[in-house]
Amino acid sequence: MTTVQNLTLYARFAGFRLVVLANCLACDSDFSRQLHDRLIEGLDAAIARIQAIAALERMLLAGEDEFAAYRLEGEIAIFARFTINLVDDLEIDRDTQEFRVNGGDWTNALAADAGGVEVNYPELVALTPDELGSLAPIIEDIMRETGIRINAVRATR
């Protein structure tokens, strides 16, 4: 990423953060407020990543840090995988047949009875436009204009 790209992304994230803050004033439920808060936290984290990348670029250009190039490469790789999870984050470990939701405790997905052994992982179900409310078009705009992924899904069993 170039400095111009970083500055553009920073401005877009900051602008979207303001839009989400303003939109939060019209929240009519706790769930809606939580979605707005999670999106603001995610945008803050994206802004922090862009700031870290820009700082490393400055160090690299100034020759202040001999490892700046490696650190910059790592930060860019992390940012490329950056995702904002609004409701649930599901991690599955297929080697151990376990899963966890939102960084909680690992849960065994194996179930055994007289019929045999079954592996039962939760499924991720997308929130409906009604559940997202006025955030739905904002989320679409953020993803389209910044390339960042935003997951608005709920884990169900």
# chains A, B, ... in the order shown; residues from 1 in each chain; ligands from 1
>>> select_by_dssp(residues="chain A", states="strand (DSSP E)", output="PDB file with N, CA and C atoms, in the first residue's frame")
ATOM      1  N   THR A  83     -11.150  -8.357   9.522  1.00  0.00           N
ATOM      2  CA  THR A  83     -12.601  -8.534   9.415  1.00  0.00           C
ATOM      3  C   THR A  83     -13.251  -7.976  10.667  1.00  0.00           C
ATOM      4  N   ILE A  84     -14.381  -7.334  10.499  1.00  0.00           N
ATOM      5  CA  ILE A  84     -15.175  -6.860  11.634  1.00  0.00           C
ATOM      6  C   ILE A  84     -16.330  -7.834  11.823  1.00  0.00           C
ATOM      7  N   ASN A  85     -16.433  -8.424  13.010  1.00  0.00           N
ATOM      8  CA  ASN A  85     -17.530  -9.324  13.339  1.00  0.00           C
ATOM      9  C   ASN A  85     -18.511  -8.574  14.224  1.00  0.00           C
ATOM     10  N   LEU A  90     -17.131 -17.378  14.918  1.00  0.00           N
ATOM     11  CA  LEU A  90     -17.071 -18.820  15.112  1.00  0.00           C
ATOM     12  C   LEU A  90     -15.713 -19.344  14.673  1.00  0.00           C
ATOM     13  N   GLU A  91     -15.028 -20.028  15.579  1.00  0.00           N
ATOM     14  CA  GLU A  91     -13.763 -20.680  15.255  1.00  0.00           C
ATOM     15  C   GLU A  91     -13.987 -22.178  15.352  1.00  0.00           C
ATOM     16  N   ILE A  92     -13.517 -22.916  14.347  1.00  0.00           N
ATOM     17  CA  ILE A  92     -13.665 -24.368  14.330  1.00  0.00           C
ATOM     18  C   ILE A  92     -12.294 -24.993  14.195  1.00  0.00           C
ATOM     19  N   ASP A  93     -12.001 -25.948  15.061  1.00  0.00           N
ATOM     20  CA  ASP A  93     -10.761 -26.722  14.994  1.00  0.00           C
ATOM     21  C   ASP A  93     -11.152 -28.131  14.570  1.00  0.00           C
ATOM     22  N   GLU A  98     -13.529 -29.431  17.795  1.00  0.00           N
ATOM     23  CA  GLU A  98     -14.015 -28.458  18.773  1.00  0.00           C
ATOM     24  C   GLU A  98     -14.324 -27.137  18.083  1.00  0.00           C
ATOM     25  N   PHE A  99     -15.112 -26.315  18.761  1.00  0.00           N
ATOM     26  CA  PHE A  99     -15.427 -24.986  18.261  1.00  0.00           C
ATOM     27  C   PHE A  99     -15.567 -24.047  19.445  1.00  0.00           C
ATOM     28  N   ARG A 100     -15.491 -22.750  19.141  1.00  0.00           N
ATOM     29  CA  ARG A 100     -15.784 -21.734  20.147  1.00  0.00           C
ATOM     30  C   ARG A 100     -16.415 -20.533  19.467  1.00  0.00           C
ATOM     31  N   VAL A 101     -17.288 -19.889  20.213  1.00  0.00           N
ATOM     32  CA  VAL A 101     -17.998 -18.726  19.710  1.00  0.00           C
ATOM     33  C   VAL A 101     -17.519 -17.509  20.486  1.00  0.00           C
ATOM     34  N   THR A 107     -15.664 -25.952  22.823  1.00  0.00           N
ATOM     35  CA  THR A 107     -16.720 -26.918  23.055  1.00  0.00           C
ATOM     36  C   THR A 107     -16.542 -28.071  22.083  1.00  0.00           C
ATOM     37  N   ASN A 108     -16.699 -29.289  22.591  1.00  0.00           N
ATOM     38  CA  ASN A 108     -16.564 -30.474  21.761  1.00  0.00           C
ATOM     39  C   ASN A 108     -17.797 -30.612  20.882  1.00  0.00           C
ATOM     40  N   LEU A 110     -18.491 -33.329  19.120  1.00  0.00           N
ATOM     41  CA  LEU A 110     -18.840 -34.736  18.962  1.00  0.00           C
ATOM     42  C   LEU A 110     -20.012 -35.099  19.866  1.00  0.00           C
ATOM     43  N   ALA A 111     -20.936 -35.873  19.324  1.00  0.00           N
ATOM     44  CA  ALA A 111     -22.046 -36.396  20.113  1.00  0.00           C
ATOM     45  C   ALA A 111     -22.157 -37.885  19.784  1.00  0.00           C
ATOM     46  N   ALA A 112     -22.274 -38.697  20.808  1.00  0.00           N
ATOM     47  CA  ALA A 112     -22.362 -40.142  20.605  1.00  0.00           C
ATOM     48  C   ALA A 112     -23.606 -40.680  21.291  1.00  0.00           C
ATOM     49  N   ASP A 113     -24.284 -41.583  20.584  1.00  0.00           N
ATOM     50  CA  ASP A 113     -25.424 -42.284  21.172  1.00  0.00           C
ATOM     51  C   ASP A 113     -25.480 -43.677  20.534  1.00  0.00           C
ATOM     52  N   GLY A 116     -24.597 -43.946  16.830  1.00  0.00           N
ATOM     53  CA  GLY A 116     -23.244 -43.687  16.352  1.00  0.00           C
ATOM     54  C   GLY A 116     -22.730 -42.340  16.813  1.00  0.00           C
ATOM     55  N   VAL A 117     -21.653 -41.921  16.189  1.00  0.00           N
ATOM     56  CA  VAL A 117     -20.996 -40.659  16.533  1.00  0.00           C
ATOM     57  C   VAL A 117     -21.363 -39.622  15.471  1.00  0.00           C
ATOM     58  N   GLU A 118     -21.666 -38.438  15.935  1.00  0.00           N
ATOM     59  CA  GLU A 118     -22.047 -37.348  15.036  1.00  0.00           C
ATOM     60  C   GLU A 118     -21.248 -36.106  15.396  1.00  0.00           C
ATOM     61  N   VAL A 119     -20.785 -35.382  14.387  1.00  0.00           N
ATOM     62  CA  VAL A 119     -20.093 -34.117  14.596  1.00  0.00           C
ATOM     63  C   VAL A 119     -21.088 -33.018  14.264  1.00  0.00           C
ATOM     64  N   GLU A 123     -23.891 -23.345  12.975  1.00  0.00           N
ATOM     65  CA  GLU A 123     -23.912 -22.714  11.661  1.00  0.00           C
ATOM     66  C   GLU A 123     -23.971 -21.205  11.846  1.00  0.00           C
ATOM     67  N   LEU A 124     -23.424 -20.493  10.886  1.00  0.00           N
ATOM     68  CA  LEU A 124     -23.517 -19.042  10.894  1.00  0.00           C
ATOM     69  C   LEU A 124     -24.675 -18.622  10.005  1.00  0.00           C
ATOM     70  N   VAL A 125     -25.597 -17.871  10.575  1.00  0.00           N
ATOM     71  CA  VAL A 125     -26.773 -17.402   9.858  1.00  0.00           C
ATOM     72  C   VAL A 125     -26.698 -15.880   9.785  1.00  0.00           C
ATOM     73  N   ALA A 126     -26.841 -15.372   8.575  1.00  0.00           N
ATOM     74  CA  ALA A 126     -26.755 -13.921   8.368  1.00  0.00           C
ATOM     75  C   ALA A 126     -27.938 -13.217   9.022  1.00  0.00           C
ATOM     76  N   ARG A 149     -13.909  -6.665   5.173  1.00  0.00           N
ATOM     77  CA  ARG A 149     -15.031  -7.587   5.354  1.00  0.00           C
ATOM     78  C   ARG A 149     -15.732  -7.299   6.671  1.00  0.00           C
ATOM     79  N   ILE A 150     -17.052  -7.320   6.627  1.00  0.00           N
ATOM     80  CA  ILE A 150     -17.860  -7.154   7.832  1.00  0.00           C
ATOM     81  C   ILE A 150     -18.828  -8.318   7.886  1.00  0.00           C
ATOM     82  N   ASN A 151     -18.723  -9.118   8.942  1.00  0.00           N
ATOM     83  CA  ASN A 151     -19.604 -10.264   9.118  1.00  0.00           C
ATOM     84  C   ASN A 151     -20.724  -9.897  10.086  1.00  0.00           C
ATOM     85  N   VAL A 153     -23.319 -11.985  11.294  1.00  0.00           N
ATOM     86  CA  VAL A 153     -23.868 -13.330  11.383  1.00  0.00           C
ATOM     87  C   VAL A 153     -24.035 -13.750  12.832  1.00  0.00           C
ATOM     88  N   ARG A 154     -24.942 -14.689  13.033  1.00  0.00           N
ATOM     89  CA  ARG A 154     -25.233 -15.238  14.364  1.00  0.00           C
ATOM     90  C   ARG A 154     -24.958 -16.748  14.311  1.00  0.00           C
ATOM     91  N   ALA A 155     -24.294 -17.270  15.329  1.00  0.00           N
ATOM     92  CA  ALA A 155     -24.024 -18.713  15.418  1.00  0.00           C
ATOM     93  C   ALA A 155     -25.255 -19.397  16.020  1.00  0.00           C
ATOM     94  N   THR A 156     -25.727 -20.435  15.321  1.00  0.00           N
ATOM     95  CA  THR A 156     -26.877 -21.197  15.805  1.00  0.00           C
ATOM     96  C   THR A 156     -26.529 -22.672  15.837  1.00  0.00           C
TER      97      THR A 156
END
>>> residues_around(residues="A:Arg81", least_positions_apart="5", cutoff="12 Å", atoms="only C-alpha atoms", output="PDB file with C-alpha atoms, in the first residue's frame")
ATOM      1  CA  ALA A  46      -8.994  -0.565  11.241  1.00  0.00           C
ATOM      2  CA  ARG A  49      -3.948  -0.641  11.740  1.00  0.00           C
ATOM      3  CA  GLY A  74       3.485  -8.288   8.512  1.00  0.00           C
ATOM      4  CA  GLU A  75       1.127  -5.385   9.236  1.00  0.00           C
ATOM      5  CA  ILE A  76      -0.028  -5.312   5.623  1.00  0.00           C
ATOM      6  CA  GLY A 147     -12.586  -3.640   0.744  1.00  0.00           C
ATOM      7  CA  ILE A 148     -12.837  -4.621   4.401  1.00  0.00           C
ATOM      8  CA  ARG A 149     -15.031  -7.587   5.354  1.00  0.00           C
ATOM      9  CA  ILE A 150     -17.860  -7.154   7.832  1.00  0.00           C
TER      10      ILE A 150
END
>>> residues_around(residues="stretch 9-21 of chain A", least_positions_apart="5", cutoff="9 Å", atoms="only C-alpha atoms", output="CSV table (one decimal) with N, CA and C atoms, in the first residue's frame")
chain,number,residue,atom,x,y,z
A,4,VAL,N,-0.6,7.3,-0.2
A,4,VAL,CA,-1.8,7.9,-0.6
A,4,VAL,C,-3.0,6.9,-0.3
A,36,HIS,N,-24.1,-1.1,16.4
A,36,HIS,CA,-23.4,0.2,16.1
A,36,HIS,C,-22.1,0.2,16.9
A,37,ASP,N,-22.1,-0.1,18.2
A,37,ASP,CA,-20.9,-0.1,19.0
A,37,ASP,C,-19.8,-1.0,18.5
A,39,LEU,N,-19.5,-2.1,15.4
A,39,LEU,CA,-19.0,-1.5,14.1
A,39,LEU,C,-18.0,-0.4,14.4
A,40,ILE,N,-18.4,0.5,15.4
A,40,ILE,CA,-17.4,1.6,15.7
A,40,ILE,C,-16.1,1.0,16.2
A,43,LEU,N,-14.2,-0.2,13.3
A,43,LEU,CA,-13.6,0.9,12.5
A,43,LEU,C,-12.4,1.5,13.2
A,44,ASP,N,-12.5,1.6,14.5
A,44,ASP,CA,-11.4,2.1,15.3
A,44,ASP,C,-10.2,1.2,15.2
A,46,ALA,N,-9.5,-0.7,12.6
A,46,ALA,CA,-9.0,-0.6,11.2
A,46,ALA,C,-8.2,0.7,11.1
A,47,ILE,N,-8.7,1.8,11.8
A,47,ILE,CA,-7.9,3.1,11.8
A,47,ILE,C,-6.6,2.9,12.4
A,50,ILE,N,-4.2,1.1,10.1
A,50,ILE,CA,-3.7,2.0,9.0
A,50,ILE,C,-2.6,3.0,9.6
A,51,GLN,N,-2.9,3.5,10.8
A,51,GLN,CA,-1.9,4.3,11.5
A,51,GLN,C,-0.5,3.6,11.7
A,135,LEU,N,-28.3,0.2,9.5
A,135,LEU,CA,-26.9,-0.2,9.3
A,135,LEU,C,-26.6,-0.9,8.0
A,138,ILE,N,-25.1,1.1,5.3
A,138,ILE,CA,-23.8,1.6,5.7
A,138,ILE,C,-22.8,0.5,5.6
A,141,ASP,N,-21.8,0.0,2.0
A,141,ASP,CA,-20.9,1.0,1.6
A,141,ASP,C,-19.5,0.9,2.1
A,142,ILE,N,-19.4,0.5,3.4
A,142,ILE,CA,-18.0,0.3,4.0
A,142,ILE,C,-17.3,-0.8,3.2
A,145,GLU,N,-16.4,0.4,-0.5
A,145,GLU,CA,-15.4,1.5,-0.6
A,145,GLU,C,-14.1,1.2,0.0
A,146,THR,N,-14.0,0.3,1.0
A,146,THR,CA,-12.7,0.0,1.7
A,146,THR,C,-12.2,-1.3,1.4
>>> closest_residue(among="A:Ala48, A:Cys24, A:Tyr121, A:Trp106", to="A:Phe79", atoms="only C-alpha atoms")
A:Ala48
>>> closest_residue(among="A:Leu25, A:Thr3, A:Met59, A:Ile78", to="A:Ala45", atoms="only C-alpha atoms")
A:Ile78
>>> atom_distance(atom1="atom CA of A:Arg94", atom2="atom CA of A:Ala80")
24.2 Å
>>> residues_around(residues="A:Pro129", least_positions_apart="5", cutoff="12 Å", atoms="only C-alpha atoms", output="CSV table (one decimal) with all heavy atoms, in the first residue's frame")
chain,number,residue,atom,x,y,z
A,32,SER,N,-29.6,-3.0,18.5
A,32,SER,CA,-29.2,-2.1,17.4
A,32,SER,C,-28.0,-1.2,18.0
A,32,SER,O,-27.0,-1.0,17.2
A,32,SER,CB,-30.3,-1.1,17.0
A,32,SER,OG,-29.9,-0.2,16.0
A,134,SER,N,-31.0,0.3,9.8
A,134,SER,CA,-30.4,1.4,9.0
A,134,SER,C,-28.9,1.1,8.8
A,134,SER,O,-28.3,1.9,8.1
A,134,SER,CB,-30.6,2.7,9.7
A,134,SER,OG,-30.1,2.7,11.0
A,135,LEU,N,-28.3,0.2,9.5
A,135,LEU,CA,-26.9,-0.2,9.3
A,135,LEU,C,-26.6,-0.9,8.0
A,135,LEU,O,-25.5,-0.9,7.5
A,135,LEU,CB,-26.4,-1.0,10.5
A,135,LEU,CG,-25.7,-0.3,11.7
A,135,LEU,CD1,-25.2,-1.3,12.7
A,135,LEU,CD2,-24.7,0.7,11.2
A,136,ALA,N,-27.6,-1.6,7.5
A,136,ALA,CA,-27.4,-2.4,6.3
A,136,ALA,C,-26.8,-1.7,5.2
A,136,ALA,O,-25.8,-2.1,4.6
A,136,ALA,CB,-28.7,-3.1,5.9
A,137,PRO,N,-27.3,-0.5,4.7
A,137,PRO,CA,-26.7,0.2,3.6
A,137,PRO,C,-25.3,0.7,4.0
A,137,PRO,O,-24.4,0.8,3.1
A,137,PRO,CB,-27.7,1.3,3.3
A,137,PRO,CG,-28.5,1.5,4.4
A,137,PRO,CD,-28.6,0.1,5.1
A,138,ILE,N,-25.1,1.1,5.3
A,138,ILE,CA,-23.8,1.6,5.7
A,138,ILE,C,-22.8,0.5,5.6
A,138,ILE,O,-21.7,0.8,5.1
A,138,ILE,CB,-23.9,2.2,7.1
A,138,ILE,CG1,-24.9,3.4,7.1
A,138,ILE,CG2,-22.5,2.6,7.6
A,138,ILE,CD1,-25.2,3.9,8.5
A,139,ILE,N,-23.1,-0.7,6.1
A,139,ILE,CA,-22.2,-1.8,6.0
A,139,ILE,C,-21.8,-2.1,4.6
A,139,ILE,O,-20.6,-2.3,4.2
A,139,ILE,CB,-22.8,-3.0,6.7
A,139,ILE,CG1,-22.9,-2.8,8.2
A,139,ILE,CG2,-22.0,-4.3,6.4
A,139,ILE,CD1,-23.7,-3.8,9.0
A,140,GLU,N,-22.8,-2.1,3.7
A,140,GLU,CA,-22.5,-2.3,2.2
A,140,GLU,C,-21.6,-1.3,1.7
A,140,GLU,O,-20.6,-1.6,0.9
A,140,GLU,CB,-23.8,-2.3,1.4
A,140,GLU,CG,-24.7,-3.6,1.7
A,140,GLU,CD,-26.0,-3.5,1.0
A,140,GLU,OE1,-26.2,-2.7,0.0
A,140,GLU,OE2,-26.9,-4.2,1.4
A,152,ALA,N,-21.9,-10.0,9.6
A,152,ALA,CA,-23.1,-9.7,10.4
A,152,ALA,C,-23.9,-11.1,10.5
A,152,ALA,O,-24.9,-11.3,9.8
A,152,ALA,CB,-24.0,-8.6,9.9
A,153,VAL,N,-23.3,-12.0,11.3
A,153,VAL,CA,-23.9,-13.3,11.4
A,153,VAL,C,-24.0,-13.8,12.8
A,153,VAL,O,-23.4,-13.3,13.7
A,153,VAL,CB,-23.0,-14.4,10.6
A,153,VAL,CG1,-22.9,-14.1,9.2
A,153,VAL,CG2,-21.6,-14.4,11.2
>>> atom_distance(atom1="atom CA of A:Arg38", atom2="atom CA of A:Asp130")
17.7 Å
>>> select_by_dssp(residues="chain A", states="helix (DSSP H, G or I)", output="NGL selection string")
:A and (3-24 or 30-62 or 68-80 or 129-132 or 135-146)
>>> atom_distance(atom1="atom CA of A:Gly133", atom2="atom CA of A:Ser29")
10.6 Å
>>> closest_residue(among="A:Ala109, A:Leu127, A:Phe82, A:Thr96", to="A:Gly42", atoms="only C-alpha atoms")
A:Phe82
